[in-house]
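Data block for work-v3.cif (mmCIF, N, CA and C atoms and all ligand atoms):
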data_protein
loop_
_atom_site.label_atom_id
_atom_site.label_comp_id
_atom_site.auth_asym_id
_atom_site.auth_seq_id
_atom_site.Cartn_x
_atom_site.Cartn_y
_atom_site.Cartn_z
N SER S 1 0.85 -1.20 0.00
CA SER S 1 0.00 0.00 0.00
C SER S 1 0.88 1.24 0.00
N SER S 2 0.32 2.36 -0.42
CA SER S 2 1.09 3.60 -0.53
C SER S 2 1.32 4.24 0.83
N GLY S 3 0.56 3.79 1.85
CA GLY S 3 0.69 4.42 3.16
C GLY S 3 0.01 5.77 3.22
N ALA S 4 -0.81 6.07 2.23
CA ALA S 4 -1.45 7.39 2.20
C ALA S 4 -2.74 7.42 3.01
N GLU S 5 -3.30 6.24 3.26
CA GLU S 5 -4.60 6.23 3.92
C GLU S 5 -4.49 6.39 5.43
N PRO S 6 -5.29 7.26 6.03
CA PRO S 6 -5.28 7.41 7.48
C PRO S 6 -6.01 6.25 8.15
N ALA S 7 -5.87 6.17 9.47
CA ALA S 7 -6.59 5.16 10.24
C ALA S 7 -8.09 5.28 9.98
N THR S 8 -8.77 4.14 10.06
CA THR S 8 -10.20 4.14 9.81
C THR S 8 -10.95 4.81 10.96
N LYS S 9 -10.54 4.53 12.19
CA LYS S 9 -11.21 5.11 13.36
C LYS S 9 -10.11 5.51 14.34
N VAL S 10 -10.04 6.76 14.67
CA VAL S 10 -8.90 7.26 15.45
C VAL S 10 -9.30 7.39 16.92
N VAL S 11 -8.97 6.35 17.69
CA VAL S 11 -9.28 6.32 19.12
C VAL S 11 -7.96 6.22 19.88
N ILE S 12 -7.54 7.34 20.44
CA ILE S 12 -6.22 7.44 21.07
C ILE S 12 -6.25 6.89 22.49
N ASN S 13 -5.26 6.05 22.82
CA ASN S 13 -5.08 5.51 24.16
C ASN S 13 -4.33 6.55 25.00
N LEU S 14 -5.09 7.26 25.84
CA LEU S 14 -4.50 8.39 26.59
C LEU S 14 -3.50 7.93 27.65
N GLU S 15 -3.73 6.76 28.26
CA GLU S 15 -2.81 6.27 29.29
C GLU S 15 -1.45 5.94 28.67
N ARG S 16 -1.48 5.29 27.52
CA ARG S 16 -0.25 4.97 26.80
C ARG S 16 0.47 6.26 26.37
N LEU S 17 -0.30 7.22 25.89
CA LEU S 17 0.27 8.50 25.44
C LEU S 17 1.07 9.15 26.56
N GLN S 18 0.55 9.10 27.78
CA GLN S 18 1.22 9.74 28.93
C GLN S 18 2.52 9.05 29.29
N GLN S 19 2.66 7.75 28.93
CA GLN S 19 3.87 7.00 29.29
C GLN S 19 5.03 7.27 28.34
N LEU S 20 4.76 7.85 27.19
CA LEU S 20 5.79 8.01 26.17
C LEU S 20 6.54 9.33 26.34
N PRO S 21 7.84 9.39 25.95
CA PRO S 21 8.62 10.61 26.15
C PRO S 21 8.09 11.78 25.34
N ALA S 22 8.12 12.95 25.96
CA ALA S 22 7.55 14.15 25.36
C ALA S 22 8.18 14.48 24.01
N GLU S 23 9.49 14.17 23.84
CA GLU S 23 10.12 14.55 22.57
C GLU S 23 9.57 13.73 21.40
N LYS S 24 8.99 12.56 21.72
CA LYS S 24 8.34 11.77 20.67
C LYS S 24 6.91 12.25 20.42
N VAL S 25 6.14 12.34 21.49
CA VAL S 25 4.70 12.51 21.34
C VAL S 25 4.22 13.93 21.64
N GLY S 26 5.14 14.87 21.84
CA GLY S 26 4.77 16.23 22.23
C GLY S 26 3.64 16.84 21.43
N PRO S 27 3.76 16.94 20.09
CA PRO S 27 2.69 17.59 19.33
C PRO S 27 1.36 16.86 19.47
N LEU S 28 1.39 15.52 19.42
CA LEU S 28 0.15 14.75 19.56
C LEU S 28 -0.45 14.94 20.95
N ALA S 29 0.41 14.92 21.99
CA ALA S 29 -0.09 15.07 23.35
C ALA S 29 -0.74 16.44 23.55
N ARG S 30 -0.11 17.48 22.98
CA ARG S 30 -0.70 18.82 23.10
C ARG S 30 -2.01 18.91 22.33
N TYR S 31 -2.06 18.27 21.15
CA TYR S 31 -3.28 18.27 20.33
C TYR S 31 -4.42 17.59 21.10
N ALA S 32 -4.12 16.42 21.67
CA ALA S 32 -5.15 15.67 22.42
C ALA S 32 -5.62 16.48 23.63
N ALA S 33 -4.68 17.12 24.32
CA ALA S 33 -5.05 17.91 25.51
C ALA S 33 -5.96 19.07 25.11
N THR S 34 -5.68 19.68 23.95
CA THR S 34 -6.50 20.80 23.47
C THR S 34 -7.91 20.32 23.15
N ILE S 35 -8.03 19.16 22.49
CA ILE S 35 -9.35 18.63 22.16
C ILE S 35 -10.12 18.28 23.44
N GLN S 36 -9.43 17.67 24.40
CA GLN S 36 -10.10 17.37 25.68
C GLN S 36 -10.64 18.63 26.31
N SER S 37 -9.82 19.68 26.27
CA SER S 37 -10.23 20.95 26.86
C SER S 37 -11.42 21.55 26.13
N GLN S 38 -11.39 21.51 24.77
CA GLN S 38 -12.50 22.07 23.99
C GLN S 38 -13.80 21.33 24.27
N ARG S 39 -13.70 20.02 24.49
CA ARG S 39 -14.91 19.22 24.73
C ARG S 39 -15.29 19.17 26.20
N GLY S 40 -14.38 19.55 27.08
CA GLY S 40 -14.62 19.33 28.50
C GLY S 40 -14.62 17.84 28.83
N ASP S 41 -13.81 17.06 28.07
CA ASP S 41 -13.81 15.60 28.17
C ASP S 41 -12.51 15.13 28.83
N TYR S 42 -12.47 15.10 30.17
CA TYR S 42 -11.21 14.83 30.88
C TYR S 42 -11.14 13.45 31.50
N ASN S 43 -12.24 12.71 31.50
CA ASN S 43 -12.28 11.50 32.33
C ASN S 43 -12.06 10.21 31.57
N GLY S 44 -11.87 10.30 30.25
CA GLY S 44 -11.77 9.08 29.47
C GLY S 44 -10.39 8.46 29.50
N LYS S 45 -10.34 7.14 29.28
CA LYS S 45 -9.06 6.44 29.06
C LYS S 45 -8.68 6.52 27.60
N VAL S 46 -9.66 6.79 26.75
CA VAL S 46 -9.41 6.97 25.32
C VAL S 46 -10.08 8.25 24.86
N LEU S 47 -9.63 8.75 23.70
CA LEU S 47 -10.21 9.95 23.10
C LEU S 47 -10.39 9.70 21.61
N SER S 48 -11.64 9.81 21.15
CA SER S 48 -11.91 9.70 19.71
C SER S 48 -11.66 11.07 19.07
N ILE S 49 -10.84 11.10 18.03
CA ILE S 49 -10.61 12.36 17.33
C ILE S 49 -10.99 12.23 15.86
N ARG S 50 -11.09 13.36 15.20
CA ARG S 50 -11.50 13.38 13.80
C ARG S 50 -10.39 12.85 12.90
N THR S 51 -10.81 12.16 11.84
CA THR S 51 -9.86 11.74 10.80
C THR S 51 -9.14 12.97 10.24
N GLU S 52 -9.86 14.08 10.12
CA GLU S 52 -9.24 15.33 9.65
C GLU S 52 -8.09 15.77 10.55
N ASP S 53 -8.26 15.54 11.84
CA ASP S 53 -7.21 15.93 12.79
C ASP S 53 -5.96 15.06 12.62
N LEU S 54 -6.16 13.78 12.28
CA LEU S 54 -5.01 12.92 12.01
C LEU S 54 -4.24 13.42 10.78
N ARG S 55 -4.98 13.90 9.79
CA ARG S 55 -4.33 14.45 8.60
C ARG S 55 -3.51 15.69 8.96
N SER S 56 -4.04 16.54 9.81
CA SER S 56 -3.30 17.73 10.26
C SER S 56 -2.05 17.32 11.04
N LEU S 57 -2.21 16.34 11.93
CA LEU S 57 -1.06 15.88 12.73
C LEU S 57 0.02 15.27 11.83
N ALA S 58 -0.39 14.57 10.77
CA ALA S 58 0.59 13.98 9.86
C ALA S 58 1.46 15.07 9.24
N ILE S 59 0.87 16.20 8.92
CA ILE S 59 1.65 17.32 8.36
C ILE S 59 2.67 17.79 9.40
N ILE S 60 2.23 17.91 10.65
CA ILE S 60 3.13 18.36 11.72
C ILE S 60 4.29 17.37 11.89
N TYR S 61 4.00 16.06 11.79
CA TYR S 61 5.04 15.04 11.95
C TYR S 61 5.82 14.78 10.65
N ASP S 62 5.46 15.49 9.57
CA ASP S 62 6.11 15.33 8.27
C ASP S 62 6.05 13.88 7.78
N MET S 63 4.85 13.29 7.89
CA MET S 63 4.59 11.92 7.45
C MET S 63 3.30 11.93 6.63
N THR S 64 3.04 10.82 5.90
CA THR S 64 1.71 10.65 5.33
C THR S 64 0.78 10.20 6.48
N PRO S 65 -0.55 10.38 6.31
CA PRO S 65 -1.46 9.89 7.34
C PRO S 65 -1.27 8.40 7.63
N GLY S 66 -0.99 7.61 6.57
CA GLY S 66 -0.77 6.18 6.76
C GLY S 66 0.48 5.90 7.58
N GLU S 67 1.56 6.65 7.31
CA GLU S 67 2.80 6.47 8.07
C GLU S 67 2.61 6.85 9.53
N LEU S 68 1.89 7.95 9.77
CA LEU S 68 1.64 8.35 11.16
C LEU S 68 0.78 7.30 11.87
N THR S 69 -0.22 6.73 11.15
CA THR S 69 -1.04 5.67 11.74
C THR S 69 -0.16 4.50 12.17
N GLU S 70 0.78 4.07 11.29
CA GLU S 70 1.70 2.97 11.63
C GLU S 70 2.55 3.33 12.85
N GLN S 71 3.06 4.57 12.89
CA GLN S 71 3.87 5.01 14.02
C GLN S 71 3.08 4.95 15.33
N LEU S 72 1.83 5.40 15.28
CA LEU S 72 1.00 5.43 16.49
C LEU S 72 0.66 4.01 16.94
N ILE S 73 0.49 3.08 15.97
CA ILE S 73 0.26 1.68 16.33
C ILE S 73 1.53 1.12 16.98
N ASP S 74 2.70 1.44 16.41
CA ASP S 74 4.00 1.02 16.98
C ASP S 74 4.13 1.48 18.43
N TRP S 75 3.76 2.71 18.69
CA TRP S 75 3.86 3.27 20.04
C TRP S 75 2.80 2.72 21.00
N GLY S 76 1.78 2.04 20.44
CA GLY S 76 0.68 1.55 21.27
C GLY S 76 -0.37 2.59 21.56
N VAL S 77 -0.29 3.73 20.85
CA VAL S 77 -1.27 4.81 21.05
C VAL S 77 -2.57 4.52 20.30
N LEU S 78 -2.45 3.83 19.16
CA LEU S 78 -3.63 3.34 18.44
C LEU S 78 -3.59 1.81 18.44
N PRO S 79 -4.75 1.15 18.48
CA PRO S 79 -4.78 -0.32 18.40
C PRO S 79 -4.50 -0.77 16.97
N PRO S 80 -3.98 -2.02 16.80
CA PRO S 80 -3.70 -2.52 15.45
C PRO S 80 -4.93 -2.48 14.53
N GLU S 81 -6.10 -2.55 15.10
CA GLU S 81 -7.32 -2.51 14.28
C GLU S 81 -7.48 -1.17 13.56
N ALA S 82 -6.72 -0.15 13.99
CA ALA S 82 -6.82 1.15 13.33
C ALA S 82 -6.17 1.14 11.95
N ARG S 83 -5.33 0.09 11.70
CA ARG S 83 -4.63 0.00 10.42
C ARG S 83 -5.65 -0.14 9.29
N PRO S 84 -5.59 0.77 8.27
CA PRO S 84 -6.58 0.67 7.19
C PRO S 84 -6.38 -0.60 6.37
N ALA S 85 -7.48 -1.13 5.84
CA ALA S 85 -7.40 -2.34 5.02
C ALA S 85 -6.56 -2.06 3.79
N ARG S 86 -5.67 -2.99 3.48
CA ARG S 86 -4.83 -2.82 2.29
C ARG S 86 -5.64 -3.06 1.03
N GLU S 87 -5.35 -2.24 0.01
CA GLU S 87 -5.97 -2.46 -1.29
C GLU S 87 -5.11 -3.45 -2.06
N GLU S 88 -5.76 -4.49 -2.54
CA GLU S 88 -5.01 -5.52 -3.28
C GLU S 88 -4.94 -5.16 -4.75
P1 LIG S 101 -17.27 3.15 20.98
O1 LIG S 101 -17.16 4.27 20.01
O2 LIG S 101 -16.69 1.83 20.56
O3 LIG S 101 -16.62 3.64 22.34
C1 LIG S 101 -16.44 2.72 23.43
C2 LIG S 101 -16.10 3.45 24.70
O4 LIG S 101 -14.82 4.10 24.55
C3 LIG S 101 -17.08 4.56 25.09
O5 LIG S 101 -18.14 4.02 25.84
C4 LIG S 101 -16.22 5.44 25.97
O6 LIG S 101 -16.11 4.88 27.25
C5 LIG S 101 -14.86 5.33 25.30
N1 LIG S 101 -14.64 6.47 24.39
C6 LIG S 101 -14.52 6.45 23.05
N2 LIG S 101 -14.22 7.68 22.58
C7 LIG S 101 -14.14 8.48 23.66
C8 LIG S 101 -13.83 9.86 23.82
O7 LIG S 101 -13.56 10.63 22.87
N3 LIG S 101 -13.85 10.34 25.09
C9 LIG S 101 -14.15 9.55 26.16
N4 LIG S 101 -14.16 10.12 27.38
N5 LIG S 101 -14.44 8.24 26.05
C10 LIG S 101 -14.42 7.72 24.81
P2 LIG S 101 -19.54 4.81 25.88
O8 LIG S 101 -19.32 6.26 26.16
O9 LIG S 101 -20.39 4.05 26.87
O10 LIG S 101 -20.15 4.66 24.43
C11 LIG S 101 -20.56 3.39 23.96
C12 LIG S 101 -20.85 3.44 22.48
O11 LIG S 101 -21.90 4.39 22.22
C13 LIG S 101 -19.67 3.90 21.63
O12 LIG S 101 -18.81 2.84 21.33
C14 LIG S 101 -20.40 4.38 20.40
O13 LIG S 101 -20.81 3.28 19.61
C15 LIG S 101 -21.65 5.04 20.99
N6 LIG S 101 -21.35 6.46 21.19
C16 LIG S 101 -21.07 7.11 22.34
N7 LIG S 101 -20.85 8.42 22.10
C17 LIG S 101 -20.98 8.58 20.77
C18 LIG S 101 -20.85 9.69 19.91
O14 LIG S 101 -20.55 10.84 20.30
N8 LIG S 101 -21.05 9.47 18.57
C19 LIG S 101 -21.39 8.24 18.09
N9 LIG S 101 -21.60 8.09 16.79
N10 LIG S 101 -21.49 7.15 18.87
C20 LIG S 101 -21.30 7.33 20.20
P1 LIG S 102 -17.82 22.48 16.32
O1 LIG S 102 -16.87 21.85 15.39
O2 LIG S 102 -18.63 23.65 15.82
O3 LIG S 102 -18.81 21.35 16.82
C1 LIG S 102 -19.93 21.71 17.60
C2 LIG S 102 -20.51 20.47 18.23
O4 LIG S 102 -20.95 19.58 17.21
C3 LIG S 102 -19.52 19.68 19.06
O5 LIG S 102 -19.49 20.21 20.37
C4 LIG S 102 -20.12 18.29 19.03
O6 LIG S 102 -21.20 18.20 19.96
C5 LIG S 102 -20.73 18.23 17.63
N1 LIG S 102 -19.83 17.59 16.66
C6 LIG S 102 -19.19 18.14 15.61
N2 LIG S 102 -18.55 17.21 14.89
C7 LIG S 102 -18.77 16.03 15.51
C8 LIG S 102 -18.37 14.68 15.25
O7 LIG S 102 -17.67 14.32 14.29
N3 LIG S 102 -18.82 13.75 16.14
C9 LIG S 102 -19.55 14.08 17.23
N4 LIG S 102 -19.89 13.11 18.08
N5 LIG S 102 -19.97 15.31 17.48
C10 LIG S 102 -19.58 16.28 16.63
P2 LIG S 102 -18.24 19.92 21.34
O8 LIG S 102 -17.91 18.48 21.34
O9 LIG S 102 -18.60 20.56 22.65
O10 LIG S 102 -17.04 20.70 20.67
C11 LIG S 102 -17.01 22.14 20.70
C12 LIG S 102 -16.01 22.67 19.71
O11 LIG S 102 -14.69 22.22 20.09
C13 LIG S 102 -16.22 22.18 18.31
O12 LIG S 102 -17.12 23.02 17.65
C14 LIG S 102 -14.83 22.31 17.71
O13 LIG S 102 -14.56 23.67 17.39
C15 LIG S 102 -13.94 21.93 18.88
N6 LIG S 102 -13.63 20.51 18.87
C16 LIG S 102 -14.03 19.57 19.76
N7 LIG S 102 -13.51 18.38 19.46
C17 LIG S 102 -12.77 18.58 18.34
C18 LIG S 102 -11.98 17.70 17.54
O14 LIG S 102 -11.89 16.48 17.78
N8 LIG S 102 -11.33 18.26 16.49
C19 LIG S 102 -11.45 19.57 16.17
N9 LIG S 102 -10.81 20.01 15.08
N10 LIG S 102 -12.19 20.44 16.91
C20 LIG S 102 -12.83 19.93 17.97
P1 LIG S 103 -18.74 9.83 15.52
O1 LIG S 103 -19.47 10.79 16.39
O2 LIG S 103 -19.19 8.41 15.50
O3 LIG S 103 -18.80 10.45 14.05
C1 LIG S 103 -18.37 9.66 12.91
C2 LIG S 103 -18.24 10.53 11.69
O4 LIG S 103 -19.51 11.12 11.35
C3 LIG S 103 -17.28 11.70 11.91
O5 LIG S 103 -15.96 11.25 11.67
C4 LIG S 103 -17.78 12.69 10.85
O6 LIG S 103 -17.31 12.32 9.59
C5 LIG S 103 -19.29 12.47 10.88
N1 LIG S 103 -19.96 13.41 11.80
C6 LIG S 103 -20.52 13.13 12.99
N2 LIG S 103 -21.06 14.24 13.54
C7 LIG S 103 -20.83 15.25 12.66
C8 LIG S 103 -21.14 16.66 12.66
O7 LIG S 103 -21.76 17.22 13.60
N3 LIG S 103 -20.72 17.37 11.58
C9 LIG S 103 -20.04 16.79 10.55
N4 LIG S 103 -19.64 17.58 9.53
N5 LIG S 103 -19.72 15.46 10.52
C10 LIG S 103 -20.13 14.72 11.57
P2 LIG S 103 -14.73 12.06 12.27
O8 LIG S 103 -14.87 13.52 11.94
O9 LIG S 103 -13.51 11.38 11.78
O10 LIG S 103 -14.84 11.91 13.86
C11 LIG S 103 -14.52 10.68 14.50
C12 LIG S 103 -14.98 10.67 15.93
O11 LIG S 103 -14.31 11.71 16.68
C13 LIG S 103 -16.45 10.97 16.12
O12 LIG S 103 -17.17 9.79 15.91
C14 LIG S 103 -16.50 11.44 17.55
O13 LIG S 103 -16.40 10.33 18.43
C15 LIG S 103 -15.20 12.23 17.68
N6 LIG S 103 -15.44 13.67 17.43
C16 LIG S 103 -15.08 14.35 16.33
N7 LIG S 103 -15.37 15.65 16.44
C17 LIG S 103 -15.93 15.82 17.64
C18 LIG S 103 -16.42 16.96 18.35
O14 LIG S 103 -16.45 18.12 17.87
N8 LIG S 103 -16.89 16.73 19.61
C19 LIG S 103 -16.91 15.48 20.14
N9 LIG S 103 -17.42 15.36 21.38
N10 LIG S 103 -16.47 14.38 19.51
C20 LIG S 103 -15.97 14.55 18.27
#
How does the structure come out when it is put into structure tokens?
Amino acid sequence: SSGAEPATKVVINLERLQQLPAEKVGPLARYAATIQSQRGDYNGKVLSIRTEDLRSLAIIYDMTPGELTEQLIDWGVLPPEARPAREE
């Protein structure tokens, strides 16, 4: 696959995110904190975010949305099920 496709459903594991070093996850952690604040949603173990937001984050990380999805799965921030189906 080209790695261009973003995750199908973006549900961030907030507990895992907090365990990772800030130099890796800084932009994502700040983005998630901002969304929590905008929603007043502070009590969840996970946070569902927009696919559009993943595209914006990919630009910040200088990756394609698909590459960022793989990175987040590697870090344990997204579950493997978030990996988009490959086109054969
Ligand atoms: P789901 O989408 O599979 O979410 C499962 C559970 O993950 C939710 O249970 C909630 O505890 C947690 N969760 C997911 N995203 C977030 C988030 O952004 N913030 C927080 N704090 N928790 C989150 P819950 O709340 O009992 O919801 C059960 C199911 O009800 C959800 O399953 C979903 O199918 C539906 N649902 C709940 N809220 C919404 C919504 O805003 N939009 C839609 N379309 N469905 C919703
Ligand atoms: P908004 O974008 O004008 O959305 C207003 C309200 O519409 C939201 O209030 C929410 O109740 C609902 N809404 C909009 N899009 C969706 C969606 O895809 N799924 C669900 N379940 N509801 C949706 P809320 O949650 O109080 O958010 C207030 C404002 O905070 C939003 O205004 C938006 O400006 C910002 N915001 C919140 N969460 C996000 C996010 O995940 N990404 C972005 N880019 N902005 C967000
Ligand atoms: P969801 O609530 O199950 O919404 C699934 C998809 O339906 C969204 O994917 C979006 O494409 C569409 N959708 C739902 N509500 C609205 C709306 O009010 N306006 C528009 N234009 N589209 C809507 P998306 O954007 O990838 O969001 C994924 C999940 O992120 C949502 O699942 C919801 O759990 C969460 N989310 C996104 N934006 C907001 C928000 O502003 N507030 C809250 N509380 N949750 C949000």
Taking all atoms listed in the file into account, report as a PyMOL selection string which residues have an atom no farther than 7 Å from an atom of ligand LIG 103 (chain S).
-> chain S and resi 9-10+39+47-53
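Each residue with an atom within 7 Å of any atom of ligand LIG 101 (chain S) appears in the list, which was built counting only C-alpha atoms and all ligand atoms: Val11, Asp41, Tyr42, Asn43, Gly44, Lys45, Val46, Leu47, Ser48 and Ile49 of chain S.
Using all atoms listed in the file, the shortest contact distance between ligand LIG 102 (chain S) and any of S:Leu72, S:Val77, S:Ile35, S:Ile60 is found at S:Ile35.
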Computed gap from atom C of Ile12 of chain S to atom C of Ile73 of chain S is 11.1 Å
Let me have the centre and edge lengths of the axis-aligned box enclosing all listed atoms of ligand LIG 102 (chain S) with 5 Å padding on every side, in Å to one decimal, as AutoDock Vina command-line options.
--center_x -16.0 --center_y 18.4 --center_z 18.5 --size_x 20.4 --size_y 20.6 --size_z 18.4
Measure the distance from atom C of Ala32 of chain S to atom C of Thr64 of chain S in Å and round it to one decimal.
->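 Taking atom C of Ala32 of chain S as the start and atom C of Thr64 of chain S as the end point, the length is 19.4 Å.
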Taking only C-alpha atoms and all ligand atoms into account, which of S:Pro21, S:Gly76, S:Gly40, S:Pro65 comes nearest ligand LIG 102 (chain S)?
->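 Of all the options, S:Gly40 lies closest to ligand LIG 102 (chain S).
Proximity to ligand LIG 102 (chain S) was assessed for S:Arg83, S:Arg55, S:Glu5, S:Asp74 counting only C-alpha atoms and all ligand atoms; the smallest distance is recorded for S:Arg55.
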Which one is closest to Leu20 of chain S: S:Glu70, S:Trp75, S:Ala85, S:Tyr61? Count all atoms listed in the file.
->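 Between S:Glu70, S:Trp75, S:Ala85, S:Tyr61, the residue approaching Leu20 of chain S most closely is S:Trp75.
Atom to atom, atom C16 of ligand LIG 102 (chain S) and atom CA of Gln36 of chain S stand 7.4 Å apart.
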Skip Pro84 of chain S itself and residues of its chain fewer than 3 positions away, then list as a list in words all residues within 8 Å of it, counting only N, CA and C atoms.
-> Glu5, Pro6, Ala7, Thr8, Lys9, Gly66, Thr69, Glu70, Pro80, Glu81 and Glu87 of chain S
Please produce a file of the residues just selected, as a PDB file, in the coordinates of the input, where the atoms kept are N, CA and C atoms.
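And here's result-v9.pdb as it stands now:
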ATOM      1  N   GLU S   5      -3.300   6.240   3.260  1.00  0.00           N
ATOM      2  CA  GLU S   5      -4.600   6.230   3.920  1.00  0.00           C
ATOM      3  C   GLU S   5      -4.490   6.390   5.430  1.00  0.00           C
ATOM      4  N   PRO S   6      -5.290   7.260   6.030  1.00  0.00           N
ATOM      5  CA  PRO S   6      -5.280   7.410   7.480  1.00  0.00           C
ATOM      6  C   PRO S   6      -6.010   6.250   8.150  1.00  0.00           C
ATOM      7  N   ALA S   7      -5.870   6.170   9.470  1.00  0.00           N
ATOM      8  CA  ALA S   7      -6.590   5.160  10.240  1.00  0.00           C
ATOM      9  C   ALA S   7      -8.090   5.280   9.980  1.00  0.00           C
ATOM     10  N   THR S   8      -8.770   4.140  10.060  1.00  0.00           N
ATOM     11  CA  THR S   8     -10.200   4.140   9.810  1.00  0.00           C
ATOM     12  C   THR S   8     -10.950   4.810  10.960  1.00  0.00           C
ATOM     13  N   LYS S   9     -10.540   4.530  12.190  1.00  0.00           N
ATOM     14  CA  LYS S   9     -11.210   5.110  13.360  1.00  0.00           C
ATOM     15  C   LYS S   9     -10.110   5.510  14.340  1.00  0.00           C
ATOM     16  N   GLY S  66      -0.990   7.610   6.570  1.00  0.00           N
ATOM     17  CA  GLY S  66      -0.770   6.180   6.760  1.00  0.00           C
ATOM     18  C   GLY S  66       0.480   5.900   7.580  1.00  0.00           C
ATOM     19  N   THR S  69      -0.220   6.730  11.150  1.00  0.00           N
ATOM     20  CA  THR S  69      -1.040   5.670  11.740  1.00  0.00           C
ATOM     21  C   THR S  69      -0.160   4.500  12.170  1.00  0.00           C
ATOM     22  N   GLU S  70       0.780   4.070  11.290  1.00  0.00           N
ATOM     23  CA  GLU S  70       1.700   2.970  11.630  1.00  0.00           C
ATOM     24  C   GLU S  70       2.550   3.330  12.850  1.00  0.00           C
ATOM     25  N   PRO S  80      -3.980  -2.020  16.800  1.00  0.00           N
ATOM     26  CA  PRO S  80      -3.700  -2.520  15.450  1.00  0.00           C
ATOM     27  C   PRO S  80      -4.930  -2.480  14.530  1.00  0.00           C
ATOM     28  N   GLU S  81      -6.100  -2.550  15.100  1.00  0.00           N
ATOM     29  CA  GLU S  81      -7.320  -2.510  14.280  1.00  0.00           C
ATOM     30  C   GLU S  81      -7.480  -1.170  13.560  1.00  0.00           C
ATOM     31  N   GLU S  87      -5.350  -2.240   0.010  1.00  0.00           N
ATOM     32  CA  GLU S  87      -5.970  -2.460  -1.290  1.00  0.00           C
ATOM     33  C   GLU S  87      -5.110  -3.450  -2.060  1.00  0.00           C
TER      34      GLU S  87
END
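Among S:Gln38, S:Ser56, S:Asn13, S:Gln71, the residue with the shortest atom-to-atom distance to ligand LIG 102 (chain S), counting only C-alpha atoms and all ligand atoms, is S:Gln38.
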